[in-house]
Amino acid sequence: MSLSRIALSSGRSIELIELRMSSAYGGMLEGYPCRPVNDMKVRSLQRQAERAFPATPVHVVPPSHEYPDQTAGAFGPVEVLPSVACIGAFRSTAVASALDPVLHRSALTVIWFQTGLDVPSGKGADLALRSIRWEELAQDYEL
């Protein structure tokens, strides 16, 4: 049973089967949100996803950034990510049409950022998430 279904822009339907959410800047004791901190956060999430789902390719949806009118620090201007970091395990039908649809599925682990705690669903999911190029990124597997 899936947590939700998302309708990709391509028309493919994908199922979210596991979702991990965390604060984008949780545990940040010093410094300020800036490009180097954000890059480290994304790399850390990617490593977490690769360890949690080693048999599945990992894709990072490029996050949006806000640049509040604040004085730049030693590491450059303030650059803020959306407040919630997400790692989701998605499944769908097989990408390769030659595979038996009863025995095969495709999978992709996705990292994205969002502003709230809502589980993305249907056509209401964020456009960046719905624009994933599943056929290029996902990997087929046998049940």
# chains A, B, ... in the order shown; residues from 1 in each chain; ligands from 1
>>> select_by_dssp(residues="range 8-40 of chain A", states="alpha helix (DSSP H)", output="tab-separated table (two decimals) with C-alpha atoms, in the first residue's frame")
chain	number	residue	atom	x	y	z
A	35	ARG	CA	25.31	28.32	-0.57
A	36	PRO	CA	28.13	26.27	1.04
A	37	VAL	CA	25.83	25.18	3.90
A	38	ASN	CA	23.03	24.34	1.46
A	39	ASP	CA	25.40	22.34	-0.76
A	40	MET	CA	26.59	20.36	2.28
>>> residues_around(residues="Ala52 in chain A", least_positions_apart="5", cutoff="12 Å", atoms="only C-alpha atoms", output="PyMOL selection string")
chain A and resi 18-20+45-47+57-58+87-89+109-110
>>> select_by_dssp(residues="range 29-64 of chain A", states="strand (DSSP E or B)", output="PyMOL selection string")
chain A and resi 34+58-60
>>> closest_residue(among="A:Gln139, A:Leu127, A:Cys86, A:Thr115", to="Met21 in chain A", atoms="only C-alpha atoms")
A:Cys86
>>> atom_distance(atom1="CA of Ser22 in chain A", atom2="CA of Val42 in chain A")
12.3 Å
>>> closest_residue(among="A:Val84, A:Ala49, A:Leu129, A:Leu108", to="Ser10 in chain A", atoms="only C-alpha atoms")
A:Leu129
>>> decode(residues="range 6-38 of chain A", atoms="N, CA, C and O atoms", output="mmCIF file, in the first residue's frame")
data_model
loop_
_atom_site.group_PDB
_atom_site.id
_atom_site.type_symbol
_atom_site.label_atom_id
_atom_site.label_comp_id
_atom_site.auth_asym_id
_atom_site.auth_seq_id
_atom_site.Cartn_x
_atom_site.Cartn_y
_atom_site.Cartn_z
ATOM 1 N N ILE A 6 1.423 10.152 -7.296
ATOM 2 C CA ILE A 6 1.690 11.435 -7.940
ATOM 3 C C ILE A 6 1.583 11.237 -9.434
ATOM 4 O O ILE A 6 2.119 10.267 -9.986
ATOM 5 N N ALA A 7 0.897 12.160 -10.081
ATOM 6 C CA ALA A 7 0.787 12.142 -11.536
ATOM 7 C C ALA A 7 1.906 13.015 -12.098
ATOM 8 O O ALA A 7 1.890 14.240 -11.926
ATOM 9 N N LEU A 8 2.890 12.375 -12.724
ATOM 10 C CA LEU A 8 3.985 13.127 -13.323
ATOM 11 C C LEU A 8 3.504 13.889 -14.543
ATOM 12 O O LEU A 8 2.493 13.521 -15.155
ATOM 13 N N SER A 9 4.230 14.918 -14.922
ATOM 14 C CA SER A 9 3.881 15.709 -16.106
ATOM 15 C C SER A 9 3.865 14.846 -17.362
ATOM 16 O O SER A 9 3.139 15.144 -18.306
ATOM 17 N N SER A 10 4.663 13.768 -17.365
ATOM 18 C CA SER A 10 4.720 12.862 -18.514
ATOM 19 C C SER A 10 3.467 12.001 -18.633
ATOM 20 O O SER A 10 3.266 11.324 -19.627
ATOM 21 N N GLY A 11 2.638 11.984 -17.571
ATOM 22 C CA GLY A 11 1.446 11.153 -17.563
ATOM 23 C C GLY A 11 1.617 9.886 -16.748
ATOM 24 O O GLY A 11 0.643 9.209 -16.417
ATOM 25 N N ARG A 12 2.841 9.533 -16.408
ATOM 26 C CA ARG A 12 3.102 8.342 -15.598
ATOM 27 C C ARG A 12 2.633 8.584 -14.169
ATOM 28 O O ARG A 12 2.801 9.651 -13.612
ATOM 29 N N SER A 13 2.110 7.549 -13.563
ATOM 30 C CA SER A 13 1.706 7.584 -12.164
ATOM 31 C C SER A 13 2.776 6.873 -11.345
ATOM 32 O O SER A 13 3.199 5.777 -11.697
ATOM 33 N N ILE A 14 3.234 7.534 -10.272
ATOM 34 C CA ILE A 14 4.216 6.922 -9.395
ATOM 35 C C ILE A 14 3.640 6.857 -7.982
ATOM 36 O O ILE A 14 2.797 7.666 -7.608
ATOM 37 N N GLU A 15 4.094 5.861 -7.221
ATOM 38 C CA GLU A 15 3.623 5.664 -5.854
ATOM 39 C C GLU A 15 4.724 5.998 -4.873
ATOM 40 O O GLU A 15 5.865 5.554 -5.027
ATOM 41 N N LEU A 16 4.386 6.774 -3.863
ATOM 42 C CA LEU A 16 5.303 7.070 -2.775
ATOM 43 C C LEU A 16 5.122 5.979 -1.721
ATOM 44 O O LEU A 16 4.038 5.828 -1.162
ATOM 45 N N ILE A 17 6.174 5.185 -1.491
ATOM 46 C CA ILE A 17 6.030 4.064 -0.560
ATOM 47 C C ILE A 17 6.734 4.314 0.774
ATOM 48 O O ILE A 17 6.462 3.631 1.751
ATOM 49 N N GLU A 18 7.658 5.268 0.795
ATOM 50 C CA GLU A 18 8.308 5.646 2.050
ATOM 51 C C GLU A 18 8.706 7.103 1.964
ATOM 52 O O GLU A 18 9.167 7.569 0.924
ATOM 53 N N LEU A 19 8.524 7.825 3.076
ATOM 54 C CA LEU A 19 8.838 9.255 3.112
ATOM 55 C C LEU A 19 9.550 9.580 4.412
ATOM 56 O O LEU A 19 9.074 9.224 5.497
ATOM 57 N N ARG A 20 10.686 10.250 4.280
ATOM 58 C CA ARG A 20 11.440 10.735 5.437
ATOM 59 C C ARG A 20 11.516 12.250 5.332
ATOM 60 O O ARG A 20 11.969 12.781 4.321
ATOM 61 N N MET A 21 11.074 12.934 6.387
ATOM 62 C CA MET A 21 11.096 14.396 6.410
ATOM 63 C C MET A 21 11.965 14.877 7.565
ATOM 64 O O MET A 21 11.978 14.264 8.630
ATOM 65 N N SER A 22 12.657 15.977 7.330
ATOM 66 C CA SER A 22 13.449 16.590 8.386
ATOM 67 C C SER A 22 13.495 18.091 8.147
ATOM 68 O O SER A 22 13.212 18.576 7.049
ATOM 69 N N SER A 23 13.877 18.811 9.186
ATOM 70 C CA SER A 23 14.044 20.253 9.065
ATOM 71 C C SER A 23 15.271 20.525 8.205
ATOM 72 O O SER A 23 16.335 19.926 8.419
ATOM 73 N N ALA A 24 15.147 21.422 7.256
ATOM 74 C CA ALA A 24 16.269 21.718 6.364
ATOM 75 C C ALA A 24 17.486 22.205 7.140
ATOM 76 O O ALA A 24 18.618 21.903 6.782
ATOM 77 N N TYR A 25 17.257 22.947 8.201
ATOM 78 C CA TYR A 25 18.374 23.481 8.977
ATOM 79 C C TYR A 25 18.379 22.967 10.414
ATOM 80 O O TYR A 25 18.987 23.564 11.290
ATOM 81 N N GLY A 26 17.730 21.833 10.652
ATOM 82 C CA GLY A 26 17.727 21.249 11.988
ATOM 83 C C GLY A 26 19.133 20.883 12.427
ATOM 84 O O GLY A 26 19.908 20.329 11.658
ATOM 85 N N GLY A 27 19.469 21.227 13.647
ATOM 86 C CA GLY A 27 20.782 20.906 14.176
ATOM 87 C C GLY A 27 21.865 21.900 13.804
ATOM 88 O O GLY A 27 23.023 21.741 14.190
ATOM 89 N N MET A 28 21.523 22.951 13.069
ATOM 90 C CA MET A 28 22.518 23.957 12.684
ATOM 91 C C MET A 28 22.781 24.862 13.877
ATOM 92 O O MET A 28 21.938 25.664 14.263
ATOM 93 N N LEU A 29 23.949 24.698 14.491
ATOM 94 C CA LEU A 29 24.263 25.429 15.710
ATOM 95 C C LEU A 29 24.960 26.757 15.446
ATOM 96 O O LEU A 29 24.830 27.705 16.214
ATOM 97 N N GLU A 30 25.736 26.810 14.394
ATOM 98 C CA GLU A 30 26.470 28.029 14.080
ATOM 99 C C GLU A 30 26.324 28.338 12.608
ATOM 100 O O GLU A 30 25.912 27.514 11.821
ATOM 101 N N GLY A 31 26.689 29.542 12.250
ATOM 102 C CA GLY A 31 26.653 29.942 10.861
ATOM 103 C C GLY A 31 25.285 30.448 10.456
ATOM 104 O O GLY A 31 24.445 30.798 11.282
ATOM 105 N N TYR A 32 25.055 30.464 9.161
ATOM 106 C CA TYR A 32 23.807 30.964 8.612
ATOM 107 C C TYR A 32 23.554 30.243 7.292
ATOM 108 O O TYR A 32 24.478 29.693 6.683
ATOM 109 N N PRO A 33 22.306 30.226 6.847
ATOM 110 C CA PRO A 33 22.021 29.553 5.576
ATOM 111 C C PRO A 33 22.690 30.294 4.410
ATOM 112 O O PRO A 33 22.441 31.482 4.193
ATOM 113 N N CYS A 34 23.551 29.596 3.716
ATOM 114 C CA CYS A 34 24.255 30.159 2.566
ATOM 115 C C CYS A 34 24.552 29.020 1.598
ATOM 116 O O CYS A 34 24.328 27.849 1.903
ATOM 117 N N ARG A 35 25.066 29.347 0.452
ATOM 118 C CA ARG A 35 25.308 28.324 -0.571
ATOM 119 C C ARG A 35 26.179 27.172 -0.072
ATOM 120 O O ARG A 35 25.811 26.010 -0.257
ATOM 121 N N PRO A 36 27.328 27.419 0.581
ATOM 122 C CA PRO A 36 28.126 26.272 1.040
ATOM 123 C C PRO A 36 27.368 25.382 2.032
ATOM 124 O O PRO A 36 27.458 24.153 1.958
ATOM 125 N N VAL A 37 26.610 25.971 2.944
ATOM 126 C CA VAL A 37 25.831 25.184 3.902
ATOM 127 C C VAL A 37 24.758 24.382 3.173
ATOM 128 O O VAL A 37 24.550 23.195 3.449
ATOM 129 N N ASN A 38 24.084 25.021 2.220
ATOM 130 C CA ASN A 38 23.034 24.335 1.464
ATOM 131 C C ASN A 38 23.605 23.182 0.644
ATOM 132 O O ASN A 38 23.010 22.105 0.578
#
